[in-house]
Amino acid sequence: MMKWLLVLSALVAFAECFHKIPLIKGKTAREALQEKGIWEEFRKQHPYNPMAKFYQSGTESMTNDADLSYYGVISIGTPPQSFSVIFDTGSSNLWIPSVYCSSQACQNHRKFNPQQSSTFKWGSQSLSIQYGTGSMTGYLAIDTVEVGGISVVNQVFGISKTEAAFMGSMVADGILGLAFQSIASDNVVPVFDMMVKGGLVSQPLFSVYLSSNSAQGSEVVFGGIDSSHYTGQINWIPLSSDTYWQIKMDSVTINGQTVACAGGCQAIIDTGTSLIVGPSSDISNMNSWVGASTNQYGEATVNCQNIQSMPEVTFTLNGNAFTIPASAYVSKSSYGCSTGFGQSGQQLWILGDVFIRQYYAIFDSSTPKIGLAKSI
């Protein structure tokens with residue numbers, strides 16, 4: 001009897017266990033292009049378009065973000081074929097390169113071969129995903145997708161036939177979208193929705209921790225919250241739209257003065273955008289408040305010596321203040337220092353990795369809400 005009780009308690013403990021996906025903080029496309037000496041030329045040809053994935057018509061889209069650096073590994077098919085992907089809360093489709101892709105961007109990435117998977121089935125439609133720098137076209141496919149020890153059978157995903165040149169500079173092979181089905185291209189059921197529907201996670205939520213400096217330690221947890229990564233209480237914020245993980249932002253302040261988002265605005269918590277992005281006039285104002293000047297590529301540069309004396313920036317969400325110090329919003333490289341505040345021509349704000357590194361983020365799809373707590 002005692003032996004069976006031990007087995008039972010072990011099973012209960014296992015049922016509550018988290019499904020953790022470690023994320024690697026790898027080289028960014030910007031770093032890869034700088035090493036080749038072609039970054040300036042590339043940025044002139046392909047200006048930063050952070051809103052591409054939110055506003056382009058029709059199909060799901062993705063931006064030419066040169067600073068994304070967090071990647072996790074998933075596998076698809078039987079036997080499994082492995083791919084590194086960006087876990088993107090700002091889009092809803094999963095797609096990866098395929099052996100049918102002849103684009104240059106596919107040549108330096110892992111490619112899925114349907115003929116080597118016994119569980120593969122073709123989907124019914126072709127797929128087109130727009131980018132800030134071109135597009136990805138391909139086919140819908142159906143197969144088993146394994147993410148952090150969870151096997152999702154009959155997951156619909158995209159396999160590429162053509163890819164924009166920009167993808168060749170990215171470390172990740174593809175994208176795993178974690179936003180809602182309502183914005184999925186071809187109305188595909190997203191991977192996390194499939195996990196919830198299949199009873200594969202103990203709670204209908206996932207959480208994200210992004211480490212600030214080290215290459216290791218970042219993670220996505222499906223079905224749970226890892227309390228070792230935050231301190232203090234979790235502040236829960238209801239969604240204002242269940243398309244993206246979108247919430248109402250009350251204001252952006254510096255030294256008690258409202259510098260942006262006066263009277264309130266809408267913001268998306270997006271792991272698939274590296275910066276904090278907002279309307280051009282607001283971002284210009286914030287950058288001038290912190291002492292940055294804009295270069296010819298639209299990047300707000302600062303003197304690296306000044307970081308210690310630069311002010312904190314406070315984002316108020318649902319009445320709670322979330323403060324980002326200069327050490328977190330300024331990025332340093334061998335080419336100098338710049339702020340993590342990017343401009344767009346739209347009213348919508350994106351709180352990307354610069355914000356999420358400071359605040360552990362929990363995405364709860366049951367009564368759609370976001371939890372934010374101070375990262376440690």
# chains A, B, ... in the order shown; residues from 1 in each chain; ligands from 1

call {"tool": "residues_around", "arguments": {"residues": "stretch 249-261 of chain A", "least_positions_apart": "5", "cutoff": "9 Å", "atoms": "only C-alpha atoms", "output": "list of chain:residue names"}}
result
A:Gln266, A:Ala267, A:Gly278, A:Pro279, A:Ser281, A:Asp282, A:Ile283, A:Asn285, A:Met286, A:Trp289, A:Val290, A:Pro311, A:Glu312, A:Val313, A:Thr314, A:Phe315, A:Thr316, A:Leu317, A:Asn318, A:Gly319, A:Trp349

call {"tool": "residues_around", "arguments": {"residues": "A:Glu146", "least_positions_apart": "4", "cutoff": "10 Å", "atoms": "only C-alpha atoms", "output": "PyMOL selection string"}}
result
chain A and resi 73-77+80-82+150-153+155+191

call {"tool": "atom_distance", "arguments": {"atom1": "atom CA of A:Ala32", "atom2": "atom CA of A:Gly217"}}
result
22.5 Å

call {"tool": "select_by_dssp", "arguments": {"residues": "stretch 174-371 of chain A", "states": "strand (DSSP E or B)", "output": "PyMOL selection string"}}
result
chain A and resi 174-177+205-209+218-222+230-238+241-242+245-254+257-260+265-269+276-279+293-294+300-302+313-317+320-324+330-333+336-339+341-344+349-351+359-364+369-371

call {"tool": "residues_around", "arguments": {"residues": "A:Lys44", "least_positions_apart": "5", "cutoff": "12 Å", "atoms": "only C-alpha atoms", "output": "list in words"}}
result
Ile38, Trp39, Thr133, Gln296, Tyr297 and Gly298 of chain A

call {"tool": "closest_residue", "arguments": {"among": "A:Gln246, A:Asn108, A:Ser218, A:Ser309", "to": "A:Gly72", "atoms": "only C-alpha atoms"}}
result
A:Ser218
